Protein chains: 2
Amino acid sequence: MSLASQTWADKTEQADGAEAEPASGFKTPYLIYFGDVESPGYAKTGLGLVDWRRNLCAGQCRAPECCVDSGLPDMTIEEAANAGVGSFVIGVAPAGGFIPDRWMQDLIKAARAGLDIISGMHARLSDFPQIADAAFESGARLIDVRTPPKHLPLGSGVKRPGKRLLTVGTDCAVGKKYTALAIEKEMRARRWKADFRATGQTGVMIAGAGFAIDCVVSDFLSGAAEVLSPAADDDHWDVIEGQGALSHPSFAGVSLGLLHGSQPDALVLCHDPMRMYNLGTERKQPYPLQSLRETIAANLAMARRVNPDARFVGMSVNTSQLSAAEKSALFERYATETGLPVVDPLKDGAKVIVDHIDKEFPYVPQA
Amino acid sequence: MSLASQTWADKTEQADGAEAEPASGFKTPYLIYFGDVESPGYAKTGLGLVDWRRNLCAGQCRAPECCVDSGLPDMTIEEAANAGVGSFVIGVAPAGGFIPDRWMQDLIKAARAGLDIISGMHARLSDFPQIADAAFESGARLIDVRTPPKHLPLGSGVKRPGKRLLTVGTDCAVGKKYTALAIEKEMRARRWKADFRATGQTGVMIAGAGFAIDCVVSDFLSGAAEVLSPAADDDHWDVIEGQGALSHPSFAGVSLGLLHGSQPDALVLCHDPMRMYNLGTERKQPYPLQSLRETIAANLAMARRVNPDARFVGMSVNTSQLSAAEKSALFERYATETGLPVVDPLKDGAKVIVDHIDKEFPYVPQA
């Protein structure tokens with residue numbers, strides 16, 4: 001371990017203590033709660049878990065008016081408890097992160113049945129006395145994955161060993177988490193040392209570790225990002241879930257803190273070709289997305305402050321709305337514009353991106 | 001009021017409610033506590049209060065090993081209490097915002113003596129049972145100026161009426177607050193409508209309003225900046241105190257959230273020619289300051305995302321360590337390099353910057 005990483009470790013000692021432990025040790029299998037959700041856009045937490053950790057999911061729990069079907073078997077809370085389900089996972093993320101009153105009876109019932117409750121809402125489960133009482137009586141745990149560790153350090157900017165990849169985007173919700181998961185999967189298939197590092201609530205549930213970085217007090221943003229991808233072996237890759245976008249008027253601060261603290265060696269650009277304006281700005285004052293080149297330039301300019309060797313290694317595109325011919329034409333255009341290998345990770349996997357990483361970062365064992 | 005500002009006002013309605021009230025109503029005069037601070041860089045809270053509100057400061061309280069002298073009369077806590085001092089103000093801001101154990105006896109003594117305690121630390125005074133008990137018994141108030149309002153909105157990016165100036169820098173602690181205060185003073189001397197907008201603990205103590213933006217949960221950074229400089233008359237200037245630096249590996253996220261939410265029309269570049277490395281990075285991994293041109297380019301690139309007309313209107317330099325001849329030579333070089341009027345606001349005031357603003361932004365009454 002280098003001197004640099006030792007001093008970094010000193011600095012983050014507090015954050016590595018008991019209180020700073022990331023969420024982990026969730027009881028499986030899961031019952032995924034979709035409640036009365038109206039559209040898949042608000043159900044990405046639960047659908048993400050089913051996509052990436054199907055083996056941990058026993059069933060889904062839905063109200064009659066629910067408009068989402070994850071494909072899991074439907075189960076009531078009673079059936080889940082009898083079947084030995086460990087946790088009741090809130091699979092829905094309404095705007096604002098509030099817990100609607102109409103879910104309350106289900107949450108109380110699940111806690112009373114002894115299921116741990118795992119929530120990615122801003123509101124804390126333990127702030128609802130009826131849920132807290134039911135959990136206390138049954139011994140169920142209330143787990144808020146948005147609650148960051150206490151005593152995070154300030155960012156130090158000190159370079160730490162290990163390789164890091166960060167997914168960045170032209171906007172929020174353009175596939176940064178799925179791209180990172182697909183890259184981790186491909187790296188692991190090649191027996192590389194690689195860990196997906198979650199920075200948002202769904203990612204934390206999938207990884208069973210990490211915390212939502214947008215819940216951190218802003219003075220500690222880059223420090224939190226340093227804690228989320230700690231010093232590692234020289235040939236180890238942290239594949240870090242990006243957040244927001246440097247160009248998004250609501251969330252750019254989070255994106256920059258995460259970028260600086262992650263010190264990425266490699267960046268992957270994520271984009272949704274159907275998106276015209278930054279998400280959430282459409283109605284009041286639409287912000288047209290920045291171009292791919294502008295996005296690459298802005299991210300590199302900022303990333304190179306903390307890692308002069310930072311470079312882009314691939315592009316990830318959501319092509320769910322495109323025909324095969326449209327996809328092919330678009331990928332050709334993007335490849336020309338960016339000079340990068342382009343994939344839709346959900347259709348193509350991340351093979352060509354990891355091939356490119358292999359060329360850009362040949363592993364040289366240290367003396 | 002335009003439609004845009006109405007919808008923005010709707011969005012921030014919560015934040016304008018009772019809970020969002022900024023700190024105000026401090027009891028004067030103040031006893032400024034410098035404890036055992038090692039260098040003036042960590043004492044900027046107390047020194048700032050003395051510089052800008054000397055008339056409110058009765059004395060300073062220092063340990064024998066203290067390396068800072070504000071010029072105020074030295075007073076013990078007992079003497080201050082007997083002299084009718086209203087508040088004990090922690091004038092020191094150690095990195096991280098923690099309250100060191102070695103201050104504890106003084107804080108307890110001050111609370112027991114009935115002085116309100118005003119703190120800009122991250123740690124809350126009321127979380128220390130001995131301080132809380134002493135304050136409860138004497139009736140003293142514990143005032144944490146870093147506690148942001150509850151229920152801040154997400155940033156909307158919607159353009160609001162009024163003119164805004166933001167001070168930005170090549171580093172932390174290079175005079176962004178003082179520059180803003182000097183510009184407000186000069187604007188008010190010309191009978192312009194102008195308000196200094198505080199975004200850090202010292203600024204809040206000076207202004208008696210605002211909150212420390214680096215204490216805001218990071219998801220709400222740009223929303224907080226929108227709240228701090230609300231919609232105003234077209235010919236009104238908010239002169240906003242900048243924070244950190246886009247190039248600082250610890251704090252850039254805060255700087256970008258503040259830049260986006262402030263939507264500045266005018267930017268002023270602040271710099272300390274004696275500073276070689278970003279503050280706090282010197283010992284472990286020194287980050288050389290970015291050049292003036294790089295700093296200007298990075299800030300403009302980001303500011304123009306939310307305000308395409310953003311431009312620099314001046315440069316502010318801390319020349320406290322320079323002779324008159326050195327200052328003059330340096331200003332000539334900086335003026336050539338940036339094309340901007342250059343001042344040391346503590347020696348020259350902000351006259352030439354405000355002259356330049358007057359030219360760049362002629363007031364055109366709206367129909």
# chains A, B, ... in the order shown; residues from 1 in each chain; ligands from 1
call {"tool": "residues_around", "arguments": {"residues": "Leu107 in chain B", "least_positions_apart": "3", "cutoff": "9 Å", "atoms": "only C-alpha atoms", "output": "JSON list (two decimals) with N, CA and C atoms, in the first residue's frame"}}
result
[["chain", "number", "residue", "atom", "x", "y", "z"],
["B", 88, "PHE", "N", -21.85, 34.54, 22.60],
["B", 88, "PHE", "CA", -20.51, 33.97, 22.49],
["B", 88, "PHE", "C", -20.45, 33.34, 21.10],
["B", 103, "TRP", "N", -12.39, 22.59, 23.38],
["B", 103, "TRP", "CA", -13.20, 23.81, 23.52],
["B", 103, "TRP", "C", -14.34, 23.62, 24.53],
["B", 104, "MET", "N", -14.58, 22.38, 24.88],
["B", 104, "MET", "CA", -15.83, 22.04, 25.57],
["B", 104, "MET", "C", -16.02, 22.83, 26.87],
["B", 110, "ALA", "N", -19.55, 29.38, 28.98],
["B", 110, "ALA", "CA", -20.29, 30.48, 28.35],
["B", 110, "ALA", "C", -21.79, 30.26, 28.45],
["B", 111, "ALA", "N", -22.21, 29.02, 28.18],
["B", 111, "ALA", "CA", -23.65, 28.71, 28.26],
["B", 111, "ALA", "C", -24.14, 28.89, 29.69],
["B", 112, "ARG", "N", -23.31, 28.42, 30.64],
["B", 112, "ARG", "CA", -23.70, 28.54, 32.05],
["B", 112, "ARG", "C", -23.81, 30.01, 32.45],
["B", 117, "ILE", "N", -24.99, 31.02, 22.47],
["B", 117, "ILE", "CA", -23.81, 30.53, 21.74],
["B", 117, "ILE", "C", -24.19, 30.42, 20.27],
["B", 131, "ILE", "N", -23.36, 20.97, 27.17],
["B", 131, "ILE", "CA", -23.68, 22.32, 26.69],
["B", 131, "ILE", "C", -25.19, 22.55, 26.77]]
call {"tool": "calpha_fit_rmsd", "arguments": {"fixed": "chain A", "moving": "chain B"}}
result
1.0 Å
call {"tool": "interface_residues", "arguments": {"of": "chain A", "to": "chain B", "cutoff": "6 Å", "atoms": "only C-alpha atoms", "output": "JSON, numbers by chain"}}
result
{"A": [155, 157, 158, 214, 215, 216, 217, 218, 219, 222, 249, 250, 253, 254, 256, 257, 260, 285]}
call {"tool": "write_last_selection", "arguments": {"atoms": "C-alpha atoms", "output": "PDB file, in the first residue's frame"}}
result
ATOM      1  CA  GLY A 155     -12.873  14.715   0.131  1.00  0.00           C
ATOM      2  CA  GLY A 157      -8.325  14.357  -3.553  1.00  0.00           C
ATOM      3  CA  VAL A 158      -5.552  11.878  -2.704  1.00  0.00           C
ATOM      4  CA  ASP A 214     -27.672  12.549  -3.168  1.00  0.00           C
ATOM      5  CA  CYS A 215     -28.686  12.244   0.502  1.00  0.00           C
ATOM      6  CA  VAL A 216     -25.239  13.264   1.729  1.00  0.00           C
ATOM      7  CA  VAL A 217     -24.692  16.765   3.154  1.00  0.00           C
ATOM      8  CA  SER A 218     -23.093  18.594   0.261  1.00  0.00           C
ATOM      9  CA  ASP A 219     -19.826  19.520   2.024  1.00  0.00           C
ATOM     10  CA  SER A 222     -16.626  14.046  -2.816  1.00  0.00           C
ATOM     11  CA  PRO A 249     -29.739  22.395 -13.623  1.00  0.00           C
ATOM     12  CA  SER A 250     -31.102  20.455 -10.623  1.00  0.00           C
ATOM     13  CA  GLY A 253     -23.519  19.500  -8.049  1.00  0.00           C
ATOM     14  CA  VAL A 254     -24.074  15.860  -7.096  1.00  0.00           C
ATOM     15  CA  LEU A 256     -19.475  16.823  -9.963  1.00  0.00           C
ATOM     16  CA  GLY A 257     -18.877  15.742  -6.357  1.00  0.00           C
ATOM     17  CA  HIS A 260     -14.208  14.254  -8.335  1.00  0.00           C
ATOM     18  CA  GLN A 285     -38.337  25.858 -18.723  1.00  0.00           C
TER      19      GLN A 285
END
call {"tool": "select_by_dssp", "arguments": {"residues": "range 86-324 of chain B", "states": "strand (DSSP E or B)", "output": "PyMOL selection string"}}
result
chain B and resi 87-90+116-119+142-144+163-169+193-197+217+236-240+266-271+277+288+311-317
call {"tool": "atom_distance", "arguments": {"atom1": "CA of Ala245 in chain B", "atom2": "CA of Lys150 in chain B"}}
result
25.9 Å
call {"tool": "atom_distance", "arguments": {"atom1": "CA of Lys351 in chain A", "atom2": "CA of Asn318 in chain A"}}
result
16.0 Å
call {"tool": "select_by_dssp", "arguments": {"residues": "range 227-281 of chain A", "states": "helix (DSSP H, G or I)", "output": "list in words"}}
result
Val227, Leu228, Ala252, Gly253, Val254, Ser255, Leu256, Gly257, Leu258, Leu259, His260, Gly261 and Ser262 of chain A
call {"tool": "atom_distance", "arguments": {"atom1": "CA of Phe128 in chain B", "atom2": "CA of Ile99 in chain B"}}
result
9.8 Å
call {"tool": "residues_around", "arguments": {"residues": "Cys66 in chain B", "least_positions_apart": "4", "cutoff": "9 Å", "atoms": "only C-alpha atoms", "output": "number ranges by chain"}}
result
B: 34-39, 62
call {"tool": "closest_residue", "arguments": {"among": "A:Glu78, A:Pro94, A:Phe196, A:Gly25", "to": "Arg141 in chain A", "atoms": "only C-alpha atoms"}}
result
A:Gly25
call {"tool": "closest_residue", "arguments": {"among": "B:Gly86, B:Gly162, B:Gly210, B:Pro29", "to": "Val227 in chain B", "atoms": "only C-alpha atoms"}}
result
B:Gly210
call {"tool": "residues_around", "arguments": {"residues": "Leu142 in chain B", "least_positions_apart": "3", "cutoff": "10 Å", "atoms": "only C-alpha atoms", "output": "ChimeraX atom specification"}}
result
/B:87-88,111,115-119,124-126,131-132,135-136,139,145
call {"tool": "residues_around", "arguments": {"residues": "Asp344 in chain A", "least_positions_apart": "3", "cutoff": "12 Å", "atoms": "only C-alpha atoms", "output": "mmCIF file with N, CA, C and O atoms, in the first residue's frame"}}
result
data_model
loop_
_atom_site.group_PDB
_atom_site.id
_atom_site.type_symbol
_atom_site.label_atom_id
_atom_site.label_comp_id
_atom_site.auth_asym_id
_atom_site.auth_seq_id
_atom_site.Cartn_x
_atom_site.Cartn_y
_atom_site.Cartn_z
ATOM 1 N N VAL A 174 -30.765 7.736 -17.719
ATOM 2 C CA VAL A 174 -30.440 7.327 -19.090
ATOM 3 C C VAL A 174 -29.653 6.008 -19.093
ATOM 4 O O VAL A 174 -28.990 5.694 -20.077
ATOM 5 N N GLY A 175 -29.714 5.251 -17.976
ATOM 6 C CA GLY A 175 -29.104 3.917 -17.988
ATOM 7 C C GLY A 175 -27.735 3.827 -17.322
ATOM 8 O O GLY A 175 -26.992 2.871 -17.548
ATOM 9 N N LYS A 176 -27.397 4.792 -16.460
ATOM 10 C CA LYS A 176 -26.069 4.762 -15.836
ATOM 11 C C LYS A 176 -25.895 3.551 -14.906
ATOM 12 O O LYS A 176 -24.817 2.966 -14.851
ATOM 13 N N TYR A 178 -27.661 0.566 -15.007
ATOM 14 C CA TYR A 178 -27.673 -0.678 -15.764
ATOM 15 C C TYR A 178 -26.376 -0.858 -16.545
ATOM 16 O O TYR A 178 -25.857 -1.965 -16.670
ATOM 17 N N THR A 179 -25.852 0.232 -17.055
ATOM 18 C CA THR A 179 -24.585 0.147 -17.790
ATOM 19 C C THR A 179 -23.468 -0.331 -16.867
ATOM 20 O O THR A 179 -22.685 -1.226 -17.221
ATOM 21 N N ALA A 180 -23.421 0.242 -15.663
ATOM 22 C CA ALA A 180 -22.389 -0.176 -14.696
ATOM 23 C C ALA A 180 -22.566 -1.648 -14.331
ATOM 24 O O ALA A 180 -21.591 -2.408 -14.255
ATOM 25 N N ALA A 182 -23.938 -4.006 -16.149
ATOM 26 C CA ALA A 182 -23.573 -4.843 -17.297
ATOM 27 C C ALA A 182 -22.051 -4.934 -17.439
ATOM 28 O O ALA A 182 -21.509 -5.993 -17.808
ATOM 29 N N ILE A 183 -21.366 -3.842 -17.147
ATOM 30 C CA ILE A 183 -19.894 -3.864 -17.233
ATOM 31 C C ILE A 183 -19.309 -4.741 -16.128
ATOM 32 O O ILE A 183 -18.401 -5.544 -16.368
ATOM 33 N N LEU A 269 -20.126 7.018 -21.417
ATOM 34 C CA LEU A 269 -21.170 8.015 -21.685
ATOM 35 C C LEU A 269 -22.512 7.312 -21.920
ATOM 36 O O LEU A 269 -22.619 6.469 -22.816
ATOM 37 N N CYS A 270 -23.526 7.665 -21.137
ATOM 38 C CA CYS A 270 -24.849 7.045 -21.263
ATOM 39 C C CYS A 270 -25.839 8.050 -21.836
ATOM 40 O O CYS A 270 -25.832 9.223 -21.444
ATOM 41 N N HIS A 271 -26.710 7.560 -22.713
ATOM 42 C CA HIS A 271 -27.578 8.469 -23.461
ATOM 43 C C HIS A 271 -28.872 7.764 -23.847
ATOM 44 O O HIS A 271 -28.884 6.566 -24.112
ATOM 45 N N ASP A 272 -29.945 8.547 -23.868
ATOM 46 C CA ASP A 272 -31.230 8.050 -24.344
ATOM 47 C C ASP A 272 -31.633 8.903 -25.541
ATOM 48 O O ASP A 272 -31.939 10.087 -25.376
ATOM 49 N N PRO A 273 -31.646 8.330 -26.744
ATOM 50 C CA PRO A 273 -31.891 9.135 -27.951
ATOM 51 C C PRO A 273 -33.303 9.705 -28.023
ATOM 52 O O PRO A 273 -33.552 10.623 -28.812
ATOM 53 N N GLY A 314 -16.268 4.136 -23.747
ATOM 54 C CA GLY A 314 -17.422 3.545 -24.415
ATOM 55 C C GLY A 314 -18.642 4.414 -24.260
ATOM 56 O O GLY A 314 -18.640 5.392 -23.508
ATOM 57 N N MET A 315 -19.671 4.040 -25.015
ATOM 58 C CA MET A 315 -20.940 4.758 -24.961
ATOM 59 C C MET A 315 -22.061 3.736 -24.842
ATOM 60 O O MET A 315 -22.025 2.676 -25.480
ATOM 61 N N SER A 316 -23.051 4.062 -24.017
ATOM 62 C CA SER A 316 -24.170 3.165 -23.759
ATOM 63 C C SER A 316 -25.467 3.874 -24.129
ATOM 64 O O SER A 316 -25.701 4.999 -23.696
ATOM 65 N N VAL A 317 -26.286 3.221 -24.938
ATOM 66 C CA VAL A 317 -27.486 3.867 -25.468
ATOM 67 C C VAL A 317 -28.716 3.014 -25.166
ATOM 68 O O VAL A 317 -28.700 1.794 -25.364
ATOM 69 N N ASN A 318 -29.759 3.649 -24.702
ATOM 70 C CA ASN A 318 -31.046 2.975 -24.497
ATOM 71 C C ASN A 318 -31.785 2.943 -25.837
ATOM 72 O O ASN A 318 -32.238 3.983 -26.322
ATOM 73 N N THR A 319 -31.903 1.762 -26.441
ATOM 74 C CA THR A 319 -32.529 1.663 -27.769
ATOM 75 C C THR A 319 -33.880 0.956 -27.696
ATOM 76 O O THR A 319 -34.356 0.424 -28.694
ATOM 77 N N SER A 320 -34.495 0.970 -26.511
ATOM 78 C CA SER A 320 -35.736 0.208 -26.347
ATOM 79 C C SER A 320 -36.842 0.665 -27.295
ATOM 80 O O SER A 320 -37.734 -0.101 -27.622
ATOM 81 N N GLN A 321 -36.777 1.914 -27.754
ATOM 82 C CA GLN A 321 -37.832 2.429 -28.639
ATOM 83 C C GLN A 321 -37.453 2.341 -30.120
ATOM 84 O O GLN A 321 -38.164 2.887 -30.966
ATOM 85 N N LEU A 322 -36.348 1.701 -30.448
ATOM 86 C CA LEU A 322 -35.843 1.721 -31.828
ATOM 87 C C LEU A 322 -35.917 0.342 -32.486
ATOM 88 O O LEU A 322 -35.779 -0.682 -31.819
ATOM 89 N N ALA A 324 -34.255 -2.474 -35.177
ATOM 90 C CA ALA A 324 -32.867 -2.911 -35.361
ATOM 91 C C ALA A 324 -32.154 -2.015 -36.373
ATOM 92 O O ALA A 324 -30.983 -1.653 -36.186
ATOM 93 N N LYS A 327 -31.447 1.357 -34.791
ATOM 94 C CA LYS A 327 -30.357 1.194 -33.814
ATOM 95 C C LYS A 327 -29.012 1.169 -34.532
ATOM 96 O O LYS A 327 -28.067 1.870 -34.144
ATOM 97 N N SER A 328 -28.946 0.393 -35.587
ATOM 98 C CA SER A 328 -27.693 0.235 -36.322
ATOM 99 C C SER A 328 -27.217 1.572 -36.913
ATOM 100 O O SER A 328 -26.046 1.945 -36.800
ATOM 101 N N LEU A 330 -28.064 4.583 -35.911
ATOM 102 C CA LEU A 330 -27.725 5.505 -34.826
ATOM 103 C C LEU A 330 -26.346 5.189 -34.242
ATOM 104 O O LEU A 330 -25.543 6.102 -33.981
ATOM 105 N N PHE A 331 -26.077 3.904 -34.049
ATOM 106 C CA PHE A 331 -24.791 3.521 -33.458
ATOM 107 C C PHE A 331 -23.630 3.947 -34.365
ATOM 108 O O PHE A 331 -22.577 4.360 -33.879
ATOM 109 N N PRO A 341 -16.620 2.768 -28.802
ATOM 110 C CA PRO A 341 -17.510 1.616 -29.003
ATOM 111 C C PRO A 341 -18.871 1.918 -28.376
ATOM 112 O O PRO A 341 -18.938 2.486 -27.282
ATOM 113 N N LYS A 347 -29.314 -5.137 -24.564
ATOM 114 C CA LYS A 347 -29.431 -5.998 -25.743
ATOM 115 C C LYS A 347 -28.095 -6.655 -26.091
ATOM 116 O O LYS A 347 -28.056 -7.808 -26.508
ATOM 117 N N ASP A 348 -27.027 -5.883 -25.947
ATOM 118 C CA ASP A 348 -25.721 -6.343 -26.445
ATOM 119 C C ASP A 348 -24.780 -6.778 -25.331
ATOM 120 O O ASP A 348 -23.712 -7.334 -25.610
ATOM 121 N N GLY A 349 -25.123 -6.510 -24.077
ATOM 122 C CA GLY A 349 -24.138 -6.667 -23.014
ATOM 123 C C GLY A 349 -23.067 -5.589 -23.145
ATOM 124 O O GLY A 349 -23.205 -4.652 -23.932
ATOM 125 N N ALA A 350 -21.990 -5.745 -22.394
ATOM 126 C CA ALA A 350 -20.945 -4.712 -22.375
ATOM 127 C C ALA A 350 -19.639 -5.235 -22.958
ATOM 128 O O ALA A 350 -18.572 -4.677 -22.707
ATOM 129 N N LYS A 351 -19.738 -6.291 -23.766
ATOM 130 C CA LYS A 351 -18.532 -6.965 -24.256
ATOM 131 C C LYS A 351 -17.571 -6.014 -24.970
ATOM 132 O O LYS A 351 -16.391 -5.940 -24.628
ATOM 133 N N VAL A 352 -18.078 -5.229 -25.938
ATOM 134 C CA VAL A 352 -17.139 -4.415 -26.723
ATOM 135 C C VAL A 352 -16.541 -3.278 -25.894
ATOM 136 O O VAL A 352 -15.425 -2.847 -26.149
ATOM 137 N N ILE A 353 -17.297 -2.815 -24.879
ATOM 138 C CA ILE A 353 -16.708 -1.802 -23.993
ATOM 139 C C ILE A 353 -15.582 -2.418 -23.164
ATOM 140 O O ILE A 353 -14.501 -1.828 -23.030
#
call {"tool": "residues_around", "arguments": {"residues": "range 51-57 of chain B", "least_positions_apart": "5", "cutoff": "7 Å", "atoms": "only C-alpha atoms", "output": "PyMOL selection string"}}
result
chain B and resi 28-31+206
call {"tool": "residues_around", "arguments": {"residues": "Arg191 in chain A", "least_positions_apart": "6", "cutoff": "12 Å", "atoms": "only C-alpha atoms", "output": "PyMOL selection string"}}
result
chain A and resi 184-185+235-237
